[in-house]
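Source file: target_1.cif; contents: mmCIF, C-alpha atoms.
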```
data_data
#
loop_
_atom_site.label_atom_id
_atom_site.label_comp_id
_atom_site.auth_asym_id
_atom_site.auth_seq_id
_atom_site.Cartn_x
_atom_site.Cartn_y
_atom_site.Cartn_z
CA LEU T 1 -144.13 15.74 228.26
CA LYS T 2 -140.53 16.82 227.93
CA ALA T 3 -137.55 15.65 225.89
CA VAL T 4 -133.86 15.46 226.77
CA ILE T 5 -131.28 15.24 223.98
CA LEU T 6 -127.85 14.06 225.12
CA ILE T 7 -125.26 15.85 223.01
CA GLY T 8 -122.07 14.72 224.80
CA GLY T 9 -119.03 16.90 224.72
CA PRO T 10 -115.70 17.80 223.19
CA GLN T 11 -113.50 14.92 224.38
CA LYS T 12 -115.59 12.51 222.35
CA GLY T 13 -116.15 12.87 218.62
CA THR T 14 -112.53 11.95 217.90
CA ARG T 15 -113.75 9.70 215.09
CA PHE T 16 -115.48 12.75 213.71
CA ARG T 17 -112.32 14.76 213.24
CA PRO T 18 -111.31 16.94 211.48
CA LEU T 19 -114.92 18.09 211.13
CA SER T 20 -115.53 18.36 214.88
CA PHE T 21 -112.70 20.94 215.14
CA GLU T 22 -114.92 23.56 213.51
CA VAL T 23 -118.35 22.86 214.94
CA PRO T 24 -119.68 20.77 217.84
CA LYS T 25 -120.65 17.39 216.37
CA PRO T 26 -124.40 17.83 217.16
CA LEU T 27 -124.44 20.94 214.93
CA PHE T 28 -122.77 19.20 211.98
CA PRO T 29 -125.16 19.47 209.00
CA VAL T 30 -126.75 16.19 207.93
CA ALA T 31 -129.10 16.44 204.94
CA GLY T 32 -128.87 20.23 205.07
CA VAL T 33 -129.75 20.86 208.73
CA PRO T 34 -127.77 20.41 211.97
CA MET T 35 -127.75 16.77 213.12
CA VAL T 36 -129.64 17.52 216.33
CA GLN T 37 -132.34 19.53 214.52
CA HIS T 38 -133.84 16.28 213.25
CA HIS T 39 -134.28 15.22 216.90
CA ILE T 40 -135.77 18.56 217.93
CA GLU T 41 -138.21 18.50 215.02
CA ALA T 42 -139.39 14.99 215.94
CA CYS T 43 -139.85 16.00 219.61
CA ALA T 44 -141.69 19.20 218.73
CA LYS T 45 -144.24 17.22 216.70
CA VAL T 46 -145.36 15.17 219.72
CA PRO T 47 -148.58 16.69 221.13
CA GLY T 48 -148.11 18.01 224.66
CA MET T 49 -144.35 18.61 224.34
CA LYS T 50 -143.65 21.38 226.85
CA GLU T 51 -139.87 21.73 226.73
CA ILE T 52 -136.79 20.29 225.03
CA LEU T 53 -133.53 20.18 227.02
CA LEU T 54 -130.14 19.68 225.41
CA MET T 55 -127.62 18.24 227.84
CA GLY T 56 -123.87 17.95 227.46
CA PHE T 57 -120.58 19.45 228.52
CA TYR T 58 -119.77 21.68 225.56
CA GLN T 59 -118.92 25.20 226.61
CA PRO T 60 -121.98 27.24 225.57
CA ASN T 61 -120.62 28.97 222.47
CA GLU T 62 -122.02 31.36 219.92
CA ALA T 63 -122.89 28.68 217.36
CA LEU T 64 -124.87 26.68 219.92
CA SER T 65 -126.70 29.74 221.29
CA ARG T 66 -127.58 30.93 217.78
CA PHE T 67 -128.88 27.50 216.87
CA LEU T 68 -131.06 27.27 220.00
CA VAL T 69 -132.61 30.69 219.37
CA SER T 70 -133.48 29.88 215.76
CA ALA T 71 -134.79 26.40 216.66
CA GLN T 72 -137.07 27.89 219.35
CA GLN T 73 -138.50 30.33 216.84
CA GLU T 74 -138.99 27.65 214.20
CA PHE T 75 -140.53 24.92 216.37
CA LYS T 76 -142.35 27.11 218.92
CA VAL T 77 -141.14 25.02 221.89
CA PRO T 78 -138.88 26.25 224.71
CA ILE T 79 -135.40 24.78 224.16
CA ARG T 80 -132.61 25.10 226.73
CA TYR T 81 -129.05 23.89 227.03
CA LEU T 82 -127.94 22.43 230.37
CA GLN T 83 -124.18 22.19 230.73
CA GLU T 84 -122.73 19.36 232.82
CA TYR T 85 -119.63 20.25 234.85
CA ALA T 86 -117.93 17.04 233.61
CA ALA T 87 -118.80 13.99 231.54
CA LEU T 88 -121.40 12.27 233.71
CA GLY T 89 -122.41 9.40 231.43
CA THR T 90 -125.84 8.83 229.87
CA GLY T 91 -127.56 8.38 233.24
CA GLY T 92 -125.48 10.75 235.37
CA GLY T 93 -126.44 13.82 233.34
CA ILE T 94 -130.19 13.33 233.61
CA TYR T 95 -129.83 12.45 237.32
CA HIS T 96 -127.79 15.59 237.95
CA PHE T 97 -130.46 17.76 236.26
CA ARG T 98 -133.48 15.79 237.52
CA ASP T 99 -135.05 18.91 239.10
CA GLN T 100 -134.92 20.74 235.78
CA ILE T 101 -136.45 17.76 233.96
CA LEU T 102 -139.28 17.32 236.49
CA SER T 103 -140.03 21.04 236.92
CA GLY T 104 -143.49 21.88 235.67
CA GLY T 105 -144.74 18.41 236.60
CA ALA T 106 -143.55 16.34 233.63
CA GLU T 107 -145.43 13.02 233.58
CA ALA T 108 -143.01 11.41 231.16
CA PHE T 109 -139.95 12.42 229.19
CA PHE T 110 -138.04 11.18 226.18
CA VAL T 111 -134.26 10.76 226.25
CA LEU T 112 -132.52 10.73 222.85
CA ASN T 113 -128.84 10.32 222.03
CA ALA T 114 -127.75 12.99 219.57
CA ASP T 115 -125.50 10.72 217.53
CA VAL T 116 -128.24 8.54 216.04
CA CYS T 117 -130.35 9.17 212.98
CA SER T 118 -133.83 7.73 212.93
CA GLU T 119 -137.43 8.18 211.93
CA PHE T 120 -137.97 8.85 215.66
CA PRO T 121 -141.33 7.06 216.18
CA LEU T 122 -141.89 8.99 219.41
CA GLN T 123 -145.67 9.17 219.13
CA GLU T 124 -145.80 5.39 218.57
CA MET T 125 -143.57 4.81 221.63
CA LEU T 126 -145.94 6.96 223.68
CA GLU T 127 -149.01 5.02 222.54
CA PHE T 128 -147.20 1.72 223.15
CA TRP T 129 -146.32 2.86 226.69
CA GLN T 130 -149.91 3.91 227.38
CA GLN T 131 -151.17 0.47 226.30
CA HIS T 132 -148.47 -1.64 227.96
CA GLY T 133 -146.99 0.13 230.86
CA ASP T 134 -148.03 1.80 234.04
CA MET T 135 -146.69 4.99 235.54
CA HIS T 136 -143.58 3.14 236.71
CA SER T 137 -142.56 1.45 233.49
CA PHE T 138 -140.15 2.60 230.79
CA VAL T 139 -139.74 2.00 227.07
CA ILE T 140 -136.58 1.47 225.00
CA LEU T 141 -136.73 1.85 221.22
CA GLY T 142 -135.29 -1.28 219.63
CA THR T 143 -134.54 -2.38 216.09
CA THR T 144 -133.33 -5.57 214.45
CA ALA T 145 -129.64 -5.99 213.56
CA ASN T 146 -127.91 -8.98 212.01
CA ARG T 147 -126.32 -11.53 214.32
CA THR T 148 -122.69 -10.44 213.95
CA GLN T 149 -123.32 -6.70 214.19
CA ALA T 150 -125.65 -7.02 217.18
CA LEU T 151 -122.55 -7.60 219.33
CA ASN T 152 -121.55 -3.93 218.84
CA TYR T 153 -124.72 -2.65 220.53
CA GLY T 154 -126.82 -3.14 223.62
CA CYS T 155 -128.80 -6.36 223.08
CA ILE T 156 -132.34 -6.85 224.33
CA VAL T 157 -134.11 -10.14 225.04
CA ALA T 158 -137.85 -9.54 225.31
CA ASN T 159 -141.00 -11.56 225.91
CA ALA T 160 -142.54 -12.13 222.47
CA ASP T 161 -146.10 -11.46 223.70
CA THR T 162 -145.73 -8.57 226.10
CA GLN T 163 -142.44 -7.05 224.78
CA GLU T 164 -141.22 -6.88 228.37
CA VAL T 165 -137.42 -6.75 228.52
CA GLN T 166 -136.18 -9.86 230.32
CA HIS T 167 -132.47 -9.52 229.77
CA TYR T 168 -130.20 -6.64 228.69
CA VAL T 169 -126.50 -6.88 227.83
CA GLU T 170 -124.36 -3.99 226.55
CA LYS T 171 -121.99 -5.10 223.74
CA PRO T 172 -122.00 -8.82 224.63
CA SER T 173 -119.06 -11.03 223.67
CA THR T 174 -121.30 -13.78 222.30
CA PHE T 175 -124.67 -13.66 220.55
CA VAL T 176 -127.56 -12.68 222.84
CA SER T 177 -130.28 -11.21 220.66
CA GLU T 178 -130.88 -9.53 217.29
CA ILE T 179 -132.88 -6.74 218.91
CA ILE T 180 -130.59 -3.80 219.68
CA ASN T 181 -130.97 -0.61 221.69
CA CYS T 182 -131.49 2.49 219.51
CA GLY T 183 -130.50 5.00 222.18
CA ILE T 184 -134.02 6.49 222.35
CA TYR T 185 -136.04 6.05 225.54
CA LEU T 186 -139.31 7.03 227.19
CA PHE T 187 -139.04 7.41 230.96
CA THR T 188 -141.30 8.48 233.79
CA PRO T 189 -140.03 10.29 236.93
CA ALA T 190 -139.79 6.83 238.58
CA ILE T 191 -136.53 6.24 236.65
CA PHE T 192 -134.71 8.60 239.03
CA GLN T 193 -135.29 6.21 241.91
CA HIS T 194 -133.43 3.49 239.97
CA ILE T 195 -130.62 5.83 238.93
CA GLY T 196 -130.46 7.06 242.53
CA GLU T 197 -129.90 3.50 243.75
CA VAL T 198 -126.94 3.16 241.39
CA PHE T 199 -125.61 6.52 242.61
CA GLN T 200 -125.85 5.44 246.26
CA ARG T 201 -124.17 2.12 245.48
CA ASN T 202 -121.36 3.89 243.60
CA GLN T 203 -120.82 6.22 246.52
CA GLN T 204 -120.57 3.35 248.98
CA GLU T 205 -118.14 1.48 246.73
CA LEU T 206 -116.05 4.62 246.30
CA ALA T 207 -115.95 5.18 250.06
CA LEU T 208 -114.45 1.70 250.40
CA GLU T 209 -111.98 2.19 247.56
CA GLU T 210 -111.15 5.84 248.28
CA SER T 211 -107.52 5.02 248.96
CA SER T 212 -106.90 3.07 245.74
CA ASN T 213 -108.26 5.37 243.02
CA GLY T 214 -109.69 8.71 243.94
CA TRP T 215 -110.28 9.85 240.36
CA GLN T 216 -113.50 7.91 239.87
CA ARG T 217 -116.76 9.74 240.37
CA ALA T 218 -119.99 8.39 241.80
CA GLU T 219 -121.92 10.74 239.50
CA VAL T 220 -120.81 8.92 236.35
CA ILE T 221 -123.73 6.61 235.64
CA ARG T 222 -124.36 4.74 232.40
CA LEU T 223 -128.01 4.06 231.66
CA GLU T 224 -127.16 1.02 229.58
CA GLN T 225 -124.77 -0.94 231.81
CA ASP T 226 -125.82 0.35 235.23
CA VAL T 227 -129.59 0.86 234.97
CA PHE T 228 -131.07 -1.27 232.18
CA THR T 229 -129.14 -4.39 233.14
CA ALA T 230 -130.64 -4.16 236.64
CA LEU T 231 -134.18 -3.28 235.43
CA ALA T 232 -134.40 -6.13 232.91
CA GLY T 233 -136.71 -8.89 234.14
CA SER T 234 -138.35 -6.69 236.78
CA GLY T 235 -141.51 -6.05 234.72
CA LYS T 236 -140.70 -2.34 234.43
CA LEU T 237 -138.85 -2.17 231.13
CA TYR T 238 -140.40 -2.68 227.69
CA VAL T 239 -139.05 -2.55 224.17
CA TYR T 240 -140.89 -0.94 221.25
CA LYS T 241 -139.53 -2.36 218.00
CA THR T 242 -139.38 -0.08 214.98
CA ASP T 243 -139.11 -1.06 211.32
CA GLY T 244 -138.20 2.49 210.37
CA PHE T 245 -134.65 3.47 209.44
CA TRP T 246 -132.05 3.87 212.17
CA SER T 247 -128.28 4.34 212.19
CA GLN T 248 -125.55 5.56 214.48
CA ILE T 249 -123.53 8.62 213.46
CA LYS T 250 -120.15 7.91 215.00
CA SER T 251 -117.75 8.63 212.14
CA ALA T 252 -117.79 11.10 209.29
CA GLY T 253 -118.51 8.23 206.88
CA SER T 254 -121.70 7.43 208.74
CA ALA T 255 -122.76 11.09 208.36
CA ILE T 256 -123.00 10.58 204.60
CA TYR T 257 -125.09 7.44 205.14
CA ALA T 258 -127.33 9.27 207.64
CA SER T 259 -127.69 12.10 205.15
CA ARG T 260 -128.93 9.58 202.57
CA LEU T 261 -131.51 8.17 205.01
CA TYR T 262 -132.84 11.62 205.89
CA LEU T 263 -132.90 12.82 202.26
CA ASN T 264 -134.90 9.72 201.44
CA GLN T 265 -137.36 10.57 204.20
CA TYR T 266 -137.71 14.16 202.93
CA SER T 267 -139.80 12.96 199.97
CA LYS T 268 -142.53 12.30 202.56
CA SER T 269 -141.73 14.74 205.37
CA HIS T 270 -140.15 17.77 203.64
CA PRO T 271 -140.59 17.62 199.85
CA GLU T 272 -139.77 21.36 199.74
CA ARG T 273 -136.21 20.58 200.84
CA LEU T 274 -135.48 18.39 197.81
CA ALA T 275 -134.15 20.00 194.62
CA GLN T 276 -136.10 19.44 191.39
CA ASN T 277 -134.97 19.45 187.76
CA LYS T 278 -135.86 22.82 186.27
CA PRO T 279 -135.18 24.30 182.83
CA GLY T 280 -131.84 26.13 182.99
CA GLY T 281 -130.93 24.45 186.30
CA PRO T 282 -128.44 21.70 187.06
CA VAL T 283 -129.26 18.03 186.43
CA ILE T 284 -130.63 16.48 189.62
CA ARG T 285 -130.52 12.70 190.07
CA GLY T 286 -132.23 11.15 193.08
CA ASN T 287 -132.47 13.04 196.37
CA VAL T 288 -130.49 16.28 196.55
CA TYR T 289 -130.65 19.15 199.04
CA ILE T 290 -129.41 22.55 197.82
CA HIS T 291 -129.27 25.58 200.12
CA PRO T 292 -131.12 28.52 198.50
CA THR T 293 -127.94 30.67 198.60
CA ALA T 294 -125.79 28.18 196.64
CA SER T 295 -124.87 29.05 193.07
CA ILE T 296 -124.82 26.05 190.73
CA ASP T 297 -123.97 26.00 187.04
CA SER T 298 -126.69 24.58 184.80
CA THR T 299 -124.28 21.99 183.33
CA ALA T 300 -123.47 20.42 186.73
CA VAL T 301 -124.86 16.98 187.58
CA LEU T 302 -125.75 16.39 191.25
CA GLY T 303 -126.96 13.29 193.05
CA PRO T 304 -128.02 10.92 194.23
CA ASN T 305 -127.69 11.73 197.95
CA VAL T 306 -125.97 15.08 197.84
CA SER T 307 -126.32 17.95 200.28
CA ILE T 308 -125.03 21.40 199.21
CA GLY T 309 -124.59 24.00 201.97
CA GLU T 310 -124.92 27.76 202.21
CA GLY T 311 -123.06 29.94 199.71
CA VAL T 312 -121.45 27.01 197.86
CA THR T 313 -120.31 27.62 194.27
CA VAL T 314 -120.44 24.75 191.77
CA GLY T 315 -118.86 25.36 188.35
CA ALA T 316 -119.59 24.04 184.87
CA GLY T 317 -119.60 20.29 184.22
CA VAL T 318 -119.08 19.38 187.88
CA ARG T 319 -120.23 15.93 189.01
CA VAL T 320 -121.12 15.37 192.68
CA ARG T 321 -122.45 12.11 194.10
CA GLU T 322 -123.02 10.70 197.64
CA SER T 323 -121.36 13.75 199.22
CA ILE T 324 -121.84 16.62 201.66
CA VAL T 325 -120.49 20.01 200.53
CA LEU T 326 -120.34 22.43 203.46
CA HIS T 327 -120.95 26.17 203.36
CA GLY T 328 -118.66 28.47 201.41
CA ALA T 329 -116.94 25.67 199.48
CA SER T 330 -116.23 26.15 195.82
CA LEU T 331 -115.97 23.39 193.20
CA HIS T 332 -114.33 24.70 190.04
CA ASP T 333 -115.27 23.59 186.52
CA HIS T 334 -115.28 19.89 185.69
CA THR T 335 -114.36 18.61 189.14
CA CYS T 336 -115.63 15.23 190.22
CA VAL T 337 -116.58 14.68 193.89
CA LEU T 338 -117.69 11.20 195.03
CA ASN T 339 -118.25 9.85 198.57
CA THR T 340 -116.63 12.93 200.08
CA ILE T 341 -117.28 15.57 202.72
CA VAL T 342 -115.96 18.89 201.45
CA GLY T 343 -115.20 21.17 204.42
CA TRP T 344 -116.23 24.78 204.96
CA ASP T 345 -114.65 27.30 202.56
CA SER T 346 -112.58 24.63 200.79
CA THR T 347 -111.68 24.98 197.11
CA ILE T 348 -111.30 22.18 194.57
CA GLY T 349 -109.47 23.18 191.37
CA ARG T 350 -110.55 22.50 187.77
CA TRP T 351 -110.57 18.91 186.52
CA ALA T 352 -109.62 17.58 189.97
CA ARG T 353 -111.11 14.35 191.24
CA VAL T 354 -111.82 13.83 194.95
CA GLU T 355 -113.14 10.41 195.80
CA GLY T 356 -113.65 8.15 198.82
CA THR T 357 -114.83 4.61 199.45
CA PRO T 358 -118.30 4.36 200.97
CA SER T 359 -118.59 2.39 204.22
CA ASP T 360 -122.21 1.45 203.55
CA PRO T 361 -124.00 -1.45 205.20
CA ASN T 362 -124.51 -4.57 203.08
CA PRO T 363 -127.37 -3.64 200.70
CA ASN T 364 -128.53 -7.27 200.47
CA ASP T 365 -129.11 -7.58 204.22
CA PRO T 366 -132.18 -5.65 205.37
CA TYR T 367 -130.92 -5.70 208.97
CA ALA T 368 -127.33 -4.65 208.27
CA LYS T 369 -126.09 -1.57 210.14
CA ILE T 370 -123.16 0.66 209.30
CA ASP T 371 -119.91 -0.61 210.84
CA SER T 372 -117.99 1.90 212.89
CA GLU T 373 -114.72 1.32 211.08
CA THR T 374 -111.42 1.89 212.78
CA LEU T 375 -109.20 4.41 210.99
CA PHE T 376 -106.35 1.91 210.63
CA ARG T 377 -106.20 -1.79 209.95
CA ASP T 378 -102.90 -3.71 209.92
CA GLY T 379 -101.04 -0.40 210.12
CA ARG T 380 -102.71 0.91 206.95
CA LEU T 381 -105.44 3.51 206.59
CA THR T 382 -108.78 1.77 206.02
CA PRO T 383 -110.29 2.95 202.71
CA SER T 384 -113.15 5.22 203.68
CA ILE T 385 -114.81 8.40 202.56
CA THR T 386 -112.53 11.33 201.77
CA ILE T 387 -112.76 14.27 204.16
CA LEU T 388 -111.47 17.76 203.49
CA GLY T 389 -111.27 19.91 206.62
CA CYS T 390 -112.14 23.59 206.46
CA SER T 391 -110.27 25.95 204.10
CA VAL T 392 -108.44 23.19 202.20
CA THR T 393 -107.21 24.04 198.71
CA ILE T 394 -106.92 21.28 196.12
CA PRO T 395 -105.03 22.32 192.95
CA ALA T 396 -106.29 21.72 189.41
CA GLU T 397 -106.00 18.30 187.79
CA VAL T 398 -105.03 16.26 190.86
CA VAL T 399 -106.63 13.14 192.31
CA ILE T 400 -107.31 12.74 196.05
CA LEU T 401 -108.41 9.19 196.99
CA ASN T 402 -109.54 7.80 200.37
CA SER T 403 -107.72 10.54 202.25
CA ILE T 404 -108.33 12.82 205.21
CA VAL T 405 -107.00 16.36 204.84
CA LEU T 406 -106.73 18.46 207.99
CA PRO T 407 -107.89 22.11 207.96
CA HIS T 408 -106.04 24.98 206.24
CA LYS T 409 -103.91 22.79 203.96
CA GLU T 410 -102.88 23.79 200.47
CA LEU T 411 -102.06 20.62 198.54
CA SER T 412 -99.65 20.62 195.62
CA ARG T 413 -100.07 17.09 194.24
CA SER T 414 -102.23 13.94 194.23
CA TYR T 415 -102.65 11.74 197.32
CA LYS T 416 -104.04 8.28 197.95
CA ASN T 417 -104.90 6.56 201.28
CA GLN T 418 -103.27 9.22 203.43
CA ILE T 419 -103.99 11.45 206.38
CA ILE T 420 -102.52 14.80 205.40
CA LEU T 421 -101.47 16.62 208.54
#
```

Mind turning this structure into structure tokens?
Amino acid sequence: LKAVILIGGPQKGTRFRPLSFEVPKPLFPVAGVPMVQHHIEACAKVPGMKEILLMGFYQPNEALSRFLVSAQQEFKVPIRYLQEYAALGTGGGIYHFRDQILSGGAEAFFVLNADVCSEFPLQEMLEFWQQHGDMHSFVILGTTANRTQALNYGCIVANADTQEVQHYVEKPSTFVSEIINCGIYLFTPAIFQHIGEVFQRNQQELALEESSNGWQRAEVIRLEQDVFTALAGSGKLYVYKTDGFWSQIKSAGSAIYASRLYLNQYSKSHPERLAQNKPGGPVIRGNVYIHPTASIDSTAVLGPNVSIGEGVTVGAGVRVRESIVLHGASLHDHTCVLNTIVGWDSTIGRWARVEGTPSDPNPNDPYAKIDSETLFRDGRLTPSITILGCSVTIPAEVVILNSIVLPHKELSRSYKNQIIL
């Protein structure tokens, strides 16, 4: 078995700014560890996992290399990064590197999108495939969404008895199905034949159109639109439905929601990562992750759903809730931080209040997913979580509401519903 994690590249992640300026989005910390580490951990747990490949078109930089080295040591699985020469789409990348994926005789391999958070029921998908499929069949992980939100995803119509996918539509314009594609797949080497057919077809079409637009590339292949749509109804594609948690991480607001889902899972999977109330320590409410190097005053109140990074300083009487505080930040006495991501090395002055509006799914709908909000609606900034870029300084006694502050800004007054460039 092998696993491929698709981490994309720098031209995407625009909805993740200003945080993606400092660190590639897959390395952004969610619930205390880099986003993609949750994927690697899930893959490493599957018996027989021989290698994990990260695939994208980020320039291999120091942060990525350091992360890969430490992940290899921690999970005892070879992990490599394969850099695409351009954005090749979800299918083009794995087709381009098919020799690397198949080397060593891989019988099957998982493909995971890096920008989802999930319980990753990989072992269950494997067992489901062994019961249902043959060597030439493939499995998509699906989950249930509500009828209106399903239109934002790939929708799957499956046979109720066999779970065979009969129809697949990416982001349909009218209602097709409540079962949506989670961006996690189990393939066998036979998938490359199907991707190859798309590649050949693209090349032929391009040869005909060469004169009109030469910028298109035959190598850009999208698994969802190009491959699954064609495979549906052929008896080769199955859906495994999960009841576990799942969410996309497209915007910074969804990172806070993903952090909450993972922190919640820690009580079962990593109880050692959750902070406990101790005599002389801060007050902990609900699930909170605190990096061992952080220094926190005993009168601070943290939680629920807070993640405190490396070397963070939290002063007396500080209140933090539903927030991610990144490494090196310092919250001075009596600050209040709610629904906010505090960037690296940022400083919030005494008695300041930094607050955002959560973009949570409807709590009364068990199938609701987080909406990927647009930044603006009707020419106004949509109220969302507050984001401070790296090295932002907030003075004492000001209020920052529903705002996005770009890196290296020193504010002098209060702001509300603004992007501070």

- Item | Selection result of the PyMOL selection byres ((chain T and resi 266-272) around 12) on this file, as a list in words |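 Matching residues under the PyMOL selection byres ((chain T and resi 266-272) around 12) are Ala31, Gly32, Val33, His38, Glu41, Ala42, Lys45, Glu119, Ser259, Arg260, Leu261, Tyr262, Leu263, Asn264, Gln265, Arg273, Leu274, Ala275, Gln276, Gly286, Asn287, Val288, Tyr289, Ile290, His291, Pro292 and Asn305 of chain T.
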
- Item | Result set of the PyMOL selection byres ((chain T and resi 47) around 12) on the coordinates above, as a ChimeraX atom specification | /T:1-2,42-46,48-51,77,122-124,126-127

Restrict the selected residues to C-alpha atoms and save them as a compact mmCIF listing (two decimals), in the frame of the given file.
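For reference, result-v5.txt as written:
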```txt
# COMPACT_ATOMS: atom_id res chain seq x y z
CA LEU T 1 -144.13 15.74 228.26
CA LYS T 2 -140.53 16.82 227.93
CA ALA T 42 -139.39 14.99 215.94
CA CYS T 43 -139.85 16.00 219.61
CA ALA T 44 -141.69 19.20 218.73
CA LYS T 45 -144.24 17.22 216.70
CA VAL T 46 -145.36 15.17 219.72
CA GLY T 48 -148.11 18.01 224.66
CA MET T 49 -144.35 18.61 224.34
CA LYS T 50 -143.65 21.38 226.85
CA GLU T 51 -139.87 21.73 226.73
CA VAL T 77 -141.14 25.02 221.89
CA LEU T 122 -141.89 8.99 219.41
CA GLN T 123 -145.67 9.17 219.13
CA GLU T 124 -145.80 5.39 218.57
CA LEU T 126 -145.94 6.96 223.68
CA GLU T 127 -149.01 5.02 222.54
```

- Item | Contact residues around Lys278 (chain T) with only C-alpha atoms at 12 Å, ignoring same-chain residues under 6 positions, as a PyMOL selection string | chain T and resi 284+298-299

Which residues, named as in the file, does the PyMOL selection byres ((chain T and resi 181) around 8) pick out? Answer as a short mmCIF file (atom, residue, chain, number, x, y, z; two decimals) with C-alpha atoms, in the coordinates of the input.
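Output contents, as saved in part_37.cif:
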```
data_model
loop_
_atom_site.label_atom_id
_atom_site.label_comp_id
_atom_site.auth_asym_id
_atom_site.auth_seq_id
_atom_site.Cartn_x
_atom_site.Cartn_y
_atom_site.Cartn_z
CA ILE T 140 -136.58 1.47 225.00
CA LEU T 141 -136.73 1.85 221.22
CA GLY T 142 -135.29 -1.28 219.63
CA THR T 143 -134.54 -2.38 216.09
CA TYR T 153 -124.72 -2.65 220.53
CA GLY T 154 -126.82 -3.14 223.62
CA CYS T 155 -128.80 -6.36 223.08
CA ILE T 156 -132.34 -6.85 224.33
CA ILE T 179 -132.88 -6.74 218.91
CA ILE T 180 -130.59 -3.80 219.68
CA CYS T 182 -131.49 2.49 219.51
CA GLY T 183 -130.50 5.00 222.18
CA ILE T 184 -134.02 6.49 222.35
#
```

- Excluding region 236-242 of chain T and any residue of its chain fewer than 3 positions from it, enumerate the residues within 10 Å of it, using only C-alpha atoms, and give them as an NGL selection string. :T and (118-121 or 124-126 or 128-129 or 132-144 or 156-159 or 162-167 or 179-182 or 185-187 or 191 or 228 or 231-233 or 245-246)

- Item | Contact residues around Met35 (chain T) with all atoms listed in the file at 12 Å, ignoring same-chain residues under 3 positions, as a PyMOL selection string | chain T and resi 5+7+23-32+38-41+67+113-118+248-250+254-256+258-259+262
